[in-house]
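K.L.:
I'd like to ask some things about the structure below.
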Amino acid sequence: MVQLDCLEKPLASVYGRYGKFVARHPIPFLIFPVLITIILGIGMIYLDKTTDIEELFTPRNGEAKDERDVVESLFVSGNNLTVNRLTTLGRYGRMIIVAKDGGDILRDNILAELHELRGVVQNISIIDENKKLTFDDICLQWLGECNRNEFFLIFPDGATRNEINFTYPMYNNAFIGSTFGGVEFESDTDIVSTAIAIQLNFYLRVGDAIADKWEDKFLETIESFDGRLIDVYRYTSRSIEQELENASDEVFASFAIAFTIIINFAIWTSIRLDNVQNKPWLALMGVASAGLAVVSAFGLLMYCGVPFIDIVASTPILILSIGVDDMFIMISSWRKTNVRAPVDERMGEAMSEAALSITITSVTDALAFGVGVLAVFPSVQIFCAYTGVAVLFDYLYQVTFFAACMAISGKRENANRHYGTCLRVRPMDESPSKFYAICCSGGPSRKTSADTREESPHAVMVFFRDFFGPFVTHPATKVVAVIIYLAYIGVSIWGITELQQGLQLRNLALDDSYVEPYYDLEERYFKEYGPIVFVVFPEELNVLEPEINDKFMTILETFEKSEFTYGENFTDCWLRSFMGFLDVRNISSSNTDLLDVLRNEFLVNPSFERFSMDVVFGADGAILASRCLVTTEDINTSNRERDMMINMRDIADQSNYNITVYHPAFIIFDQYTAVLSNTLQNLGIALGAMLLVALIFIPQPICSVWVVFCILSIETGVIGFMSHWDVSLDSISMINLILCIGFSVDFSAHIAYTFTVSEGSTKNERIIKTLYSLGMPILQGALSTVVGIAVLSSSNGYIFRIFFKTLFLVIMLGLLHSMFFLPILLTLLGGGSKSGTVAVTSKTDSKKESASGSPHTNAYQNGAYDVRE
């Protein structure tokens, strides 16, 4: 069997010498990490928090951003245009109104209350630079007037239902599909008889500062509005950003509980009945080490100007979990050393084993998050930057600060001092009383031999050695494991095929937010008609020439015949209207200057004046660019949003002209086209990096391959079971999938590395020794994370529920692989022993080793000490 231990052996030797040095000089390794943390922590005063949805959750290289640049370079933008020609989603306050009894919203008494509500909104006032501004002062205008809601144009103040008959979704050449919802018609007509819901929009033309004030006042006003007959549900252009910030504030208490649980778990699982070998304070220092890492990383990145986002608030839990896992590994290695040996020798032996193991997992964790920085989603990049740097600091402080704490604790144990009082105490067999034995005594008996271990094996370690290990290595278990694994992969792949893609903005709000019922009503009543998409011809074309005109109209009809759009009756196109205008006016195109008619008659006609926003003329009067507006239908799911956008772009690409299609919502929809490919790309790069690191650090190449196989298998399971657990693939879950790589490596790499360096006559014996050595610390690390994040399972925030679900999945599947699938795989297809020789152990030696629990054969010295009462 090929061995690649050219790096593993030297590193183990270096760590061994380093451990001895730390044991002899612990104080500098305590002080310098604290000083570094204080210096870097000052950088947190430069906290730059952002909640901008477009900036964080849309791809940096999104195609829609280029499309927006094209549109804005050609057409009028700003504060003098109609709402459906905005090139951004704009600033606005929005309402959906339904009757309290759930009935028709068009009853006369309700109409009167709707006008009352409009008056309340239009009278909202804010103060800016000592000026009182109302809605009419800051509204988005067209031709000097506010863009009015179509509802109030149909039903002016004082109008009764019997006086008004109107058609739907077009009325007087205006589209009103987004104004009325739950519409029913008079028999065999398109005249509306009843409607269940009304949507009103109040768009603003002002900058962010004034718009922020007005929107906040709008939300307060509508919340306090007590309708007699109607219920009003509100929303603004900043609602999601505000709710995203509220979500992190709401979950803060949950994180505090999670921290407390993990800290207590770490401490209590380190407590033993032996008052000398107890390590609660050492466990607390392990937690403190992770805390120092978080402060250092956050401070450093804030010094560098990296913005802070709410999801980064979960980083401390992750680093605490990783740090606690590393701590358990180091303590486990310490426990396998001999209590009679000097502290520096024990530290050297423990560090040579544990430090290399946590180096592998720390490097792979950092690489996984480093790959995440390459993602196209800024939210993923920022999260991975913070978490990746924190992982590096955690590793640095584990092998310095915590190693120094372990050395100091070792010196206390070597002097047989009580873990709480630090007073010297008697061993258990020399206790003068039962009370003394319970509260004071501890440490090894002076009557034991020189190779006595620090303590008898923990019951959990005995379980892994005497019960679970033999169970896993039994031939029947291996057969059953293959069947279970095939079923697991099958269910996972099935889930992947059902996986939804894309982040729904409503998921960024809390479950009990005012946003939720608004979105529910919008999906129920206002999804029949989708975004009105720009079809832009950004070229100088004489579309008034019959031949070019025909081609233009043919392309437009292709859009209108798409499965995602309504027909020509719902298209607002200047050229089609102009051709009809010429027919009505009986103007011949053969002997008339049509450009002159277009500019001086058609576009100044009040019925067609809106089209002046859709035609761009050059200095010579030629048409440089133009656009038409096409209405889409039934865009009610994320997959439908993605498919509609792709279809529109495909039609544009297949034409012979440089056509651009665009709607402001495409900026958000672009995530659907990027999230899958970017996730697969990042996972592929990360897996390649994991394989390289495993080949470097793990002596046997075949074991490195199995580690990467386990990572891939765990990721497959996480993605598949995400779908079964109603989790979509979006930028939030993408963060968690990158996170999962790190946790997957932690489980598998520890097992594979220890298996390769263990000696035994058979692979079964080596895997039993591996489980005996690592089963307990891995189980401790996994359980500490699970019990800590359990409080997030009932969170009102989607982001943090997804965090719980994906982390829970990776922990459980990681345990399944590291404790069951991987051990069986290694016994079947793992490499030989590290030394390449077969170690034959006699029954006597086996009993001796079983009693001591130590596979090591270091030369130990007697550790005589004085015991004083």
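Residue numbers start at 1 in each chain; chains themselves are named A, B, ... in the order of the structure tokens; ligands are numbered from 1 in the order shown.
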Excluding Ala689 of chain A and any residue of its chain fewer than 3 positions from it, enumerate the residues within 9 Å of it, using only C-alpha atoms, and give them as a ChimeraX atom specification.
P.N.:
/A:364,367-368,371,684-686,692-694
K.L.:
Generate the output file for the selected residues, N, CA, C and O atoms, as a short mmCIF file (atom, residue, chain, number, x, y, z; two decimals), in the first residue's frame.
P.N.:
data_model
loop_
_atom_site.label_atom_id
_atom_site.label_comp_id
_atom_site.auth_asym_id
_atom_site.auth_seq_id
_atom_site.Cartn_x
_atom_site.Cartn_y
_atom_site.Cartn_z
N THR A 364 -9.22 22.50 5.85
CA THR A 364 -10.32 22.19 4.93
C THR A 364 -11.52 23.11 5.19
O THR A 364 -12.19 23.53 4.23
N LEU A 367 -10.63 26.41 3.64
CA LEU A 367 -10.69 26.32 2.19
C LEU A 367 -12.13 26.32 1.69
O LEU A 367 -12.45 26.95 0.67
N ALA A 368 -13.00 25.60 2.41
CA ALA A 368 -14.40 25.56 2.02
C ALA A 368 -15.00 26.96 2.01
O ALA A 368 -15.69 27.36 1.06
N VAL A 371 -13.52 29.09 -0.79
CA VAL A 371 -14.19 28.86 -2.07
C VAL A 371 -15.50 29.65 -2.12
O VAL A 371 -15.88 30.20 -3.16
N GLY A 684 -17.91 21.81 -6.43
CA GLY A 684 -16.88 21.08 -7.17
C GLY A 684 -15.48 21.55 -6.82
O GLY A 684 -14.57 20.74 -6.59
N ILE A 685 -15.29 22.88 -6.77
CA ILE A 685 -13.97 23.41 -6.40
C ILE A 685 -13.62 23.01 -4.98
O ILE A 685 -12.48 22.62 -4.69
N ALA A 686 -14.60 23.09 -4.09
CA ALA A 686 -14.34 22.75 -2.69
C ALA A 686 -13.97 21.28 -2.54
O ALA A 686 -13.05 20.93 -1.79
N LEU A 692 -7.24 17.41 -2.31
CA LEU A 692 -5.83 17.78 -2.29
C LEU A 692 -5.31 17.84 -0.86
O LEU A 692 -4.22 17.31 -0.57
N VAL A 693 -6.06 18.48 0.03
CA VAL A 693 -5.62 18.58 1.42
C VAL A 693 -5.56 17.21 2.07
O VAL A 693 -4.61 16.88 2.80
N ALA A 694 -6.57 16.39 1.80
CA ALA A 694 -6.58 15.05 2.38
C ALA A 694 -5.39 14.24 1.89
O ALA A 694 -4.75 13.50 2.66
#
K.L.:
Among segment 392-576 of chain A, which ones does DSSP place in alpha helix (DSSP H), written as number ranges by chain?
P.N.:
A: 392-397, 403-414, 434-439, 459-463, 469-472, 475-497, 515-525, 546-560, 574-576
K.L.:
With C-alpha atoms retained, write the just-selected residues as a compact mmCIF listing (two decimals), in the first residue's frame.
P.N.:
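This is the output file out-v5.txt:
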# COMPACT_ATOMS: atom_id res chain seq x y z
CA LEU A 392 -8.25 30.45 10.92
CA PHE A 393 -8.17 32.49 14.11
CA ASP A 394 -9.87 29.63 15.97
CA TYR A 395 -7.15 27.24 14.84
CA LEU A 396 -4.44 29.75 15.77
CA TYR A 397 -5.87 30.24 19.24
CA ALA A 403 -2.76 24.69 24.37
CA ALA A 404 -1.28 26.96 27.05
CA CYS A 405 -4.41 26.51 29.18
CA MET A 406 -4.10 22.74 28.76
CA ALA A 407 -0.45 22.87 29.85
CA ILE A 408 -1.33 24.88 32.96
CA SER A 409 -4.16 22.48 33.74
CA GLY A 410 -1.69 19.63 33.26
CA LYS A 411 0.68 21.17 35.78
CA ARG A 412 -2.15 21.40 38.26
CA GLU A 413 -2.97 17.74 37.71
CA ASN A 414 0.67 16.76 37.93
CA LYS A 434 -16.44 9.57 52.32
CA PHE A 435 -17.10 13.30 52.23
CA TYR A 436 -13.45 13.94 51.44
CA ALA A 437 -13.55 11.29 48.74
CA ILE A 438 -16.53 12.91 47.05
CA CYS A 439 -15.54 16.55 47.38
CA ALA A 459 -18.12 4.59 29.83
CA VAL A 460 -18.82 6.02 26.36
CA MET A 461 -15.33 5.05 25.20
CA VAL A 462 -15.87 1.54 26.55
CA PHE A 463 -19.17 1.39 24.67
CA GLY A 469 -16.98 -1.28 17.31
CA PRO A 470 -17.62 -5.06 17.18
CA PHE A 471 -21.16 -4.36 15.94
CA VAL A 472 -19.92 -2.18 13.05
CA PRO A 475 -20.17 -9.12 8.51
CA ALA A 476 -23.97 -9.01 8.80
CA THR A 477 -23.83 -5.32 9.73
CA LYS A 478 -21.81 -4.57 6.62
CA VAL A 479 -24.41 -6.20 4.39
CA VAL A 480 -27.22 -4.27 6.04
CA ALA A 481 -25.16 -1.05 5.77
CA VAL A 482 -24.93 -1.41 1.99
CA ILE A 483 -28.72 -1.77 1.76
CA ILE A 484 -29.29 1.24 4.04
CA TYR A 485 -26.82 3.32 2.06
CA LEU A 486 -28.48 2.55 -1.27
CA ALA A 487 -31.85 3.52 0.19
CA TYR A 488 -30.33 6.71 1.59
CA ILE A 489 -28.85 7.71 -1.78
CA GLY A 490 -32.10 6.90 -3.56
CA VAL A 491 -34.18 9.10 -1.26
CA SER A 492 -31.58 11.87 -1.53
CA ILE A 493 -31.53 11.87 -5.34
CA TRP A 494 -35.34 11.85 -5.41
CA GLY A 495 -35.31 14.94 -3.20
CA ILE A 496 -32.80 16.69 -5.45
CA THR A 497 -35.09 16.24 -8.46
CA VAL A 515 -45.52 41.40 5.40
CA GLU A 516 -46.79 37.82 5.55
CA PRO A 517 -50.56 38.46 5.20
CA TYR A 518 -49.83 41.00 2.47
CA TYR A 519 -47.90 38.39 0.47
CA ASP A 520 -50.62 35.81 1.09
CA LEU A 521 -53.26 38.10 -0.40
CA GLU A 522 -51.00 39.09 -3.28
CA GLU A 523 -50.41 35.44 -4.19
CA ARG A 524 -54.11 34.64 -3.88
CA TYR A 525 -55.52 37.55 -5.89
CA PRO A 546 -43.15 48.42 -44.48
CA GLU A 547 -40.50 45.67 -44.67
CA ILE A 548 -38.87 46.51 -41.36
CA ASN A 549 -42.26 47.19 -39.83
CA ASP A 550 -43.39 43.67 -40.70
CA LYS A 551 -40.28 42.15 -39.15
CA PHE A 552 -40.76 44.28 -36.04
CA MET A 553 -44.35 43.15 -35.64
CA THR A 554 -43.44 39.50 -36.32
CA ILE A 555 -40.93 39.57 -33.48
CA LEU A 556 -43.46 41.24 -31.19
CA GLU A 557 -46.04 38.58 -32.03
CA THR A 558 -43.52 35.90 -31.09
CA PHE A 559 -43.36 37.40 -27.62
CA GLU A 560 -47.14 37.63 -27.45
CA TRP A 574 -46.44 52.47 -29.75
CA LEU A 575 -45.92 51.12 -33.28
CA ARG A 576 -49.13 49.08 -33.32
K.L.:
Would you list the contacts of Thr58 of chain A as a tab-separated table (two decimals) with all heavy atoms, in the first residue's frame, taking every protein, DNA or RNA residue within 12 Å and counting only C-alpha atoms, but skipping same-chain residues closer than 2 positions in sequence?
P.N.:
chain	number	residue	atom	x	y	z
A	52	ASP	N	-29.33	45.87	2.09
A	52	ASP	CA	-29.79	46.11	0.72
A	52	ASP	C	-30.03	44.78	0.01
A	52	ASP	O	-29.10	43.98	-0.17
A	52	ASP	CB	-28.76	46.94	-0.04
A	52	ASP	CG	-29.25	47.34	-1.41
A	52	ASP	OD1	-29.13	46.51	-2.34
A	52	ASP	OD2	-29.77	48.46	-1.55
A	53	ILE	N	-31.27	44.54	-0.38
A	53	ILE	CA	-31.65	43.24	-0.95
A	53	ILE	C	-30.93	42.99	-2.27
A	53	ILE	O	-30.39	41.91	-2.51
A	53	ILE	CB	-33.17	43.16	-1.14
A	53	ILE	CG1	-33.89	43.34	0.20
A	53	ILE	CG2	-33.54	41.82	-1.78
A	53	ILE	CD1	-33.52	42.33	1.25
A	54	GLU	N	-30.95	44.00	-3.15
A	54	GLU	CA	-30.29	43.81	-4.45
A	54	GLU	C	-28.81	43.57	-4.29
A	54	GLU	O	-28.23	42.71	-4.95
A	54	GLU	CB	-30.54	45.03	-5.34
A	54	GLU	CG	-29.85	44.91	-6.69
A	54	GLU	CD	-30.08	46.10	-7.59
A	54	GLU	OE1	-31.18	46.70	-7.53
A	54	GLU	OE2	-29.16	46.46	-8.36
A	55	GLU	N	-28.18	44.33	-3.41
A	55	GLU	CA	-26.75	44.19	-3.22
A	55	GLU	C	-26.36	42.84	-2.66
A	55	GLU	O	-25.33	42.26	-3.03
A	55	GLU	CB	-26.25	45.30	-2.28
A	55	GLU	CG	-24.75	45.24	-2.01
A	55	GLU	CD	-24.30	46.28	-1.01
A	55	GLU	OE1	-25.10	47.20	-0.72
A	55	GLU	OE2	-23.16	46.19	-0.52
A	56	LEU	N	-27.19	42.28	-1.77
A	56	LEU	CA	-26.82	41.07	-1.05
A	56	LEU	C	-27.27	39.78	-1.73
A	56	LEU	O	-26.52	38.80	-1.76
A	56	LEU	CB	-27.40	41.11	0.37
A	56	LEU	CG	-26.87	42.19	1.31
A	56	LEU	CD1	-27.59	42.13	2.63
A	56	LEU	CD2	-25.37	42.04	1.50
A	60	ARG	N	-23.75	39.26	-8.60
A	60	ARG	CA	-23.02	40.45	-9.02
A	60	ARG	C	-23.01	40.60	-10.54
A	60	ARG	O	-23.07	41.71	-11.06
A	60	ARG	CB	-21.57	40.37	-8.51
A	60	ARG	CG	-21.41	40.57	-7.01
A	60	ARG	CD	-19.95	40.70	-6.66
A	60	ARG	NE	-19.75	40.80	-5.22
A	60	ARG	CZ	-19.85	41.92	-4.52
A	60	ARG	NH1	-20.16	43.04	-5.14
A	60	ARG	NH2	-19.66	41.92	-3.21
A	61	ASN	N	-22.91	39.49	-11.23
A	61	ASN	CA	-22.83	39.53	-12.69
A	61	ASN	C	-24.17	39.23	-13.34
A	61	ASN	O	-24.23	38.73	-14.45
A	61	ASN	CB	-21.78	38.51	-13.17
A	61	ASN	CG	-22.11	37.09	-12.70
A	61	ASN	OD1	-23.01	36.88	-11.89
A	61	ASN	ND2	-21.39	36.11	-13.24
A	62	GLY	N	-25.26	39.55	-12.65
A	62	GLY	CA	-26.57	39.26	-13.18
A	62	GLY	C	-26.83	39.95	-14.52
A	62	GLY	O	-26.52	41.13	-14.70
A	63	GLU	N	-27.42	39.21	-15.44
A	63	GLU	CA	-27.68	39.75	-16.78
A	63	GLU	C	-28.64	40.92	-16.74
A	63	GLU	O	-28.55	41.85	-17.54
A	63	GLU	CB	-28.23	38.63	-17.67
A	63	GLU	CG	-28.33	38.97	-19.13
A	63	GLU	CD	-28.74	37.78	-19.99
A	63	GLU	OE1	-28.68	36.63	-19.49
A	63	GLU	OE2	-29.14	38.01	-21.15
A	64	ALA	N	-29.57	40.88	-15.78
A	64	ALA	CA	-30.57	41.95	-15.71
A	64	ALA	C	-29.94	43.30	-15.39
A	64	ALA	O	-30.48	44.34	-15.77
A	64	ALA	CB	-31.64	41.60	-14.66
A	65	LYS	N	-28.83	43.29	-14.68
A	65	LYS	CA	-28.17	44.56	-14.37
A	65	LYS	C	-27.61	45.19	-15.64
A	65	LYS	O	-27.66	46.43	-15.80
A	65	LYS	CB	-27.08	44.33	-13.34
A	65	LYS	CG	-27.64	43.89	-11.99
A	65	LYS	CD	-26.57	43.58	-10.96
A	65	LYS	CE	-27.21	43.14	-9.64
A	65	LYS	NZ	-26.23	42.76	-8.62
A	375	ALA	N	-18.14	32.99	-4.74
A	375	ALA	CA	-19.54	32.95	-5.18
A	375	ALA	C	-19.94	34.28	-5.80
A	375	ALA	O	-19.34	35.33	-5.54
A	375	ALA	CB	-20.45	32.61	-4.01
A	376	VAL	N	-20.99	34.25	-6.62
A	376	VAL	CA	-21.46	35.47	-7.29
A	376	VAL	C	-22.45	36.23	-6.42
A	376	VAL	O	-22.84	37.35	-6.76
A	376	VAL	CB	-22.11	35.15	-8.65
A	376	VAL	CG1	-21.10	34.52	-9.59
A	376	VAL	CG2	-23.33	34.24	-8.48
A	377	PHE	N	-22.88	35.64	-5.30
A	377	PHE	CA	-23.81	36.32	-4.41
A	377	PHE	C	-23.04	37.03	-3.30
A	377	PHE	O	-22.34	36.37	-2.51
A	377	PHE	CB	-24.80	35.32	-3.81
A	377	PHE	CG	-25.72	34.69	-4.81
A	377	PHE	CD1	-25.44	33.47	-5.37
A	377	PHE	CD2	-26.88	35.35	-5.20
A	377	PHE	CE1	-26.28	32.89	-6.31
A	377	PHE	CE2	-27.74	34.78	-6.13
A	377	PHE	CZ	-27.44	33.56	-6.69
A	378	PRO	N	-23.15	38.33	-3.18
A	378	PRO	CA	-22.42	39.05	-2.13
A	378	PRO	C	-22.72	38.56	-0.73
A	378	PRO	O	-21.84	38.56	0.13
A	378	PRO	CB	-22.87	40.51	-2.32
A	378	PRO	CG	-23.20	40.59	-3.78
A	378	PRO	CD	-23.82	39.26	-4.12
A	379	SER	N	-23.96	38.14	-0.46
A	379	SER	CA	-24.28	37.64	0.88
A	379	SER	C	-23.45	36.40	1.20
A	379	SER	O	-22.98	36.24	2.34
A	379	SER	CB	-25.78	37.31	0.98
A	379	SER	OG	-26.15	36.36	-0.01
A	380	VAL	N	-23.26	35.53	0.21
A	380	VAL	CA	-22.44	34.33	0.40
A	380	VAL	C	-20.98	34.73	0.60
A	380	VAL	O	-20.28	34.19	1.47
A	380	VAL	CB	-22.59	33.37	-0.79
A	380	VAL	CG1	-21.71	32.14	-0.61
A	380	VAL	CG2	-24.05	32.95	-0.97
A	381	GLN	N	-20.51	35.66	-0.22
A	381	GLN	CA	-19.12	36.10	-0.12
A	381	GLN	C	-18.82	36.68	1.26
A	381	GLN	O	-17.80	36.35	1.88
A	381	GLN	CB	-18.83	37.15	-1.19
A	381	GLN	CG	-18.89	36.63	-2.61
A	381	GLN	CD	-18.69	37.72	-3.64
A	381	GLN	OE1	-19.16	38.85	-3.45
A	381	GLN	NE2	-17.99	37.42	-4.72
A	502	GLY	N	-34.29	29.32	-5.79
A	502	GLY	CA	-34.52	30.75	-5.69
A	502	GLY	C	-35.06	31.17	-4.33
A	502	GLY	O	-35.76	30.42	-3.65
A	503	LEU	N	-34.70	32.39	-3.95
A	503	LEU	CA	-35.10	32.97	-2.67
A	503	LEU	C	-36.35	33.82	-2.86
A	503	LEU	O	-36.33	34.80	-3.61
A	503	LEU	CB	-33.96	33.81	-2.10
A	503	LEU	CG	-34.25	34.55	-0.79
A	503	LEU	CD1	-34.46	33.56	0.35
A	503	LEU	CD2	-33.12	35.51	-0.46
A	504	GLN	N	-37.43	33.44	-2.20
A	504	GLN	CA	-38.62	34.27	-2.17
A	504	GLN	C	-38.40	35.39	-1.16
A	504	GLN	O	-38.07	35.13	0.00
A	504	GLN	CB	-39.85	33.44	-1.79
A	504	GLN	CG	-40.21	32.36	-2.80
A	504	GLN	CD	-40.68	32.95	-4.12
A	504	GLN	OE1	-41.44	33.91	-4.15
A	504	GLN	NE2	-40.21	32.38	-5.22
A	505	LEU	N	-38.59	36.63	-1.57
A	505	LEU	CA	-38.31	37.75	-0.69
A	505	LEU	C	-39.12	37.69	0.60
A	505	LEU	O	-38.66	38.14	1.65
A	505	LEU	CB	-38.58	39.07	-1.42
A	505	LEU	CG	-37.63	39.39	-2.58
A	505	LEU	CD1	-37.96	40.77	-3.15
A	505	LEU	CD2	-36.18	39.33	-2.15
A	665	ALA	N	-37.99	43.45	-11.87
A	665	ALA	CA	-37.98	42.21	-11.08
A	665	ALA	C	-36.96	41.21	-11.60
A	665	ALA	O	-36.59	40.27	-10.88
A	665	ALA	CB	-39.38	41.58	-11.08
A	666	PHE	N	-36.50	41.38	-12.86
A	666	PHE	CA	-35.48	40.48	-13.40
A	666	PHE	C	-34.20	40.52	-12.55
A	666	PHE	O	-33.46	39.54	-12.51
A	666	PHE	CB	-35.14	40.85	-14.84
A	666	PHE	CG	-36.17	40.41	-15.85
A	666	PHE	CD1	-37.40	39.89	-15.45
A	666	PHE	CD2	-35.92	40.50	-17.21
A	666	PHE	CE1	-38.35	39.48	-16.38
A	666	PHE	CE2	-36.86	40.10	-18.15
A	666	PHE	CZ	-38.07	39.59	-17.72
A	667	ILE	N	-33.94	41.64	-11.90
A	667	ILE	CA	-32.77	41.74	-11.02
A	667	ILE	C	-32.85	40.65	-9.94
A	667	ILE	O	-31.84	40.00	-9.62
A	667	ILE	CB	-32.70	43.13	-10.36
A	667	ILE	CG1	-32.64	44.24	-11.42
A	667	ILE	CG2	-31.52	43.20	-9.40
A	667	ILE	CD1	-31.35	44.30	-12.18
A	668	ILE	N	-34.06	40.46	-9.40
A	668	ILE	CA	-34.27	39.42	-8.38
A	668	ILE	C	-34.32	38.05	-9.03
A	668	ILE	O	-33.75	37.08	-8.51
A	668	ILE	CB	-35.56	39.70	-7.60
A	668	ILE	CG1	-35.54	41.10	-6.97
A	668	ILE	CG2	-35.77	38.64	-6.52
A	668	ILE	CD1	-34.44	41.32	-5.97
A	669	PHE	N	-34.99	37.95	-10.17
A	669	PHE	CA	-35.16	36.65	-10.82
A	669	PHE	C	-33.82	36.05	-11.26
A	669	PHE	O	-33.71	34.83	-11.41
A	669	PHE	CB	-36.07	36.78	-12.05
A	669	PHE	CG	-37.49	37.17	-11.74
A	669	PHE	CD1	-38.37	37.49	-12.76
A	669	PHE	CD2	-37.95	37.24	-10.44
A	669	PHE	CE1	-39.68	37.86	-12.50
A	669	PHE	CE2	-39.27	37.61	-10.15
A	669	PHE	CZ	-40.13	37.93	-11.20
A	670	ASP	N	-32.82	36.90	-11.49
A	670	ASP	CA	-31.52	36.39	-11.95
A	670	ASP	C	-30.92	35.38	-10.97
A	670	ASP	O	-30.09	34.56	-11.38
A	670	ASP	CB	-30.54	37.56	-12.15
A	670	ASP	CG	-30.44	37.96	-13.61
A	670	ASP	OD1	-30.82	37.16	-14.48
A	670	ASP	OD2	-29.98	39.07	-13.88
A	671	GLN	N	-31.29	35.46	-9.71
A	671	GLN	CA	-30.75	34.50	-8.75
A	671	GLN	C	-31.14	33.08	-9.12
A	671	GLN	O	-30.38	32.13	-8.86
A	671	GLN	CB	-31.26	34.82	-7.34
A	671	GLN	CG	-32.77	34.76	-7.23
A	671	GLN	CD	-33.28	34.75	-5.82
A	671	GLN	OE1	-32.76	34.03	-4.98
A	671	GLN	NE2	-34.31	35.54	-5.56
A	672	TYR	N	-32.32	32.92	-9.74
A	672	TYR	CA	-32.78	31.58	-10.08
A	672	TYR	C	-31.87	30.92	-11.13
A	672	TYR	O	-31.70	29.70	-11.12
A	672	TYR	CB	-34.21	31.61	-10.63
A	672	TYR	CG	-35.21	32.29	-9.72
A	672	TYR	CD1	-36.25	33.06	-10.24
A	672	TYR	CD2	-35.13	32.16	-8.34
A	672	TYR	CE1	-37.17	33.68	-9.42
A	672	TYR	CE2	-36.06	32.78	-7.51
A	672	TYR	CZ	-37.07	33.53	-8.06
A	672	TYR	OH	-37.98	34.14	-7.24
A	673	THR	N	-31.33	31.73	-12.03
A	673	THR	CA	-30.48	31.16	-13.08
A	673	THR	C	-29.06	30.95	-12.59
A	673	THR	O	-28.31	30.20	-13.20
A	673	THR	CB	-30.46	32.09	-14.31
A	673	THR	OG1	-29.87	33.35	-13.94
A	673	THR	CG2	-31.87	32.33	-14.82
A	674	ALA	N	-28.68	31.62	-11.50
A	674	ALA	CA	-27.28	31.57	-11.05
A	674	ALA	C	-27.07	30.62	-9.88
A	674	ALA	O	-25.97	30.10	-9.70
A	674	ALA	CB	-26.81	32.98	-10.65
A	675	VAL	N	-28.10	30.39	-9.07
A	675	VAL	CA	-27.86	29.71	-7.81
A	675	VAL	C	-27.43	28.26	-8.00
A	675	VAL	O	-26.51	27.79	-7.32
A	675	VAL	CB	-29.11	29.81	-6.90
A	675	VAL	CG1	-30.30	29.04	-7.48
A	675	VAL	CG2	-28.80	29.30	-5.50
A	730	ASP	N	-31.29	28.38	-2.48
A	730	ASP	CA	-31.15	29.81	-2.69
A	730	ASP	C	-29.84	30.26	-2.07
A	730	ASP	O	-29.03	29.44	-1.62
A	730	ASP	CB	-32.35	30.57	-2.10
A	730	ASP	CG	-32.60	30.21	-0.64
A	730	ASP	OD1	-31.62	30.07	0.12
A	730	ASP	OD2	-33.77	30.08	-0.25
A	731	SER	N	-29.61	31.56	-2.07
A	731	SER	CA	-28.33	32.05	-1.57
A	731	SER	C	-28.16	31.76	-0.08
A	731	SER	O	-27.04	31.61	0.41
A	731	SER	CB	-28.20	33.55	-1.83
A	731	SER	OG	-29.27	34.27	-1.25
A	732	ILE	N	-29.27	31.66	0.66
A	732	ILE	CA	-29.19	31.35	2.09
A	732	ILE	C	-28.78	29.89	2.28
A	732	ILE	O	-27.85	29.58	3.03
A	732	ILE	CB	-30.53	31.62	2.79
A	732	ILE	CG1	-30.96	33.08	2.59
A	732	ILE	CG2	-30.43	31.29	4.27
A	732	ILE	CD1	-29.99	34.08	3.13
K.L.:
Would you pick out the contacts of segment 767-775 of chain A at 9 Å or less, using only C-alpha atoms, so that residues sharing its chain but fewer than 2 positions from it are not included, and give the list as a PyMOL selection string?
P.N.:
chain A and resi 329+332-333+336+460-466+468-470+472-473+750-752+754-755+758-760+762-765+777-780+819+823-824+826-827+853+855
K.L.:
Mind pulling up the distance from atom CA of Ala253 of chain A to atom CA of Val787 of chain A?
P.N.:
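According to the coordinates, atom CA of Val787 of chain A and atom CA of Ala253 of chain A are separated by 15.4 Å.
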K.L.:
Any idea what's packed within 8 Å of segment 284-292 of chain A, counting only C-alpha atoms, ignoring anything in its chain fewer than 6 positions away? Could you give it as a count of residues only?
P.N.:
18
K.L.:
Quick one: everything within 6 Å of segment 180-197 of chain A, counting only C-alpha atoms, minus sequence neighbours fewer than 5 positions away in the same chain. Send it as a PyMOL selection string.
P.N.:
chain A and resi 97-98+104-105+166-168+525-526
K.L.:
Return the single residue from A:Leu81, A:Thr806, A:Gly797, A:Leu40 that is closest to Asp512 of chain A, with distances computed using only C-alpha atoms.
P.N.:
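Selected residue with least distance to Asp512 of chain A: A:Gly797.
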K.L.:
Near Phe175 of chain A, within 12 Å and counting only C-alpha atoms, which residues show up once chain neighbours fewer than 4 positions away are dropped, as a list in words?
P.N.:
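In the requested format, the answer is Val83, Asn84, Asn149, Glu150, Phe151, Phe166, Thr167, Tyr168, Pro169, Met170, Tyr171, Thr179, Phe180, Tyr529, Gly530, Pro531, Ile532, Asn569, Phe570, Thr571, Asp572, Leu629, Val630 and Thr631 of chain A.
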K.L.:
Rank nothing, just name the residue among A:Ser357, A:Thr400, A:Asn264, A:Ser237 nearest to Phe21 of chain A, using only C-alpha atoms.
P.N.:
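Between A:Ser357, A:Thr400, A:Asn264, A:Ser237, the residue approaching Phe21 of chain A most closely is A:Thr400.
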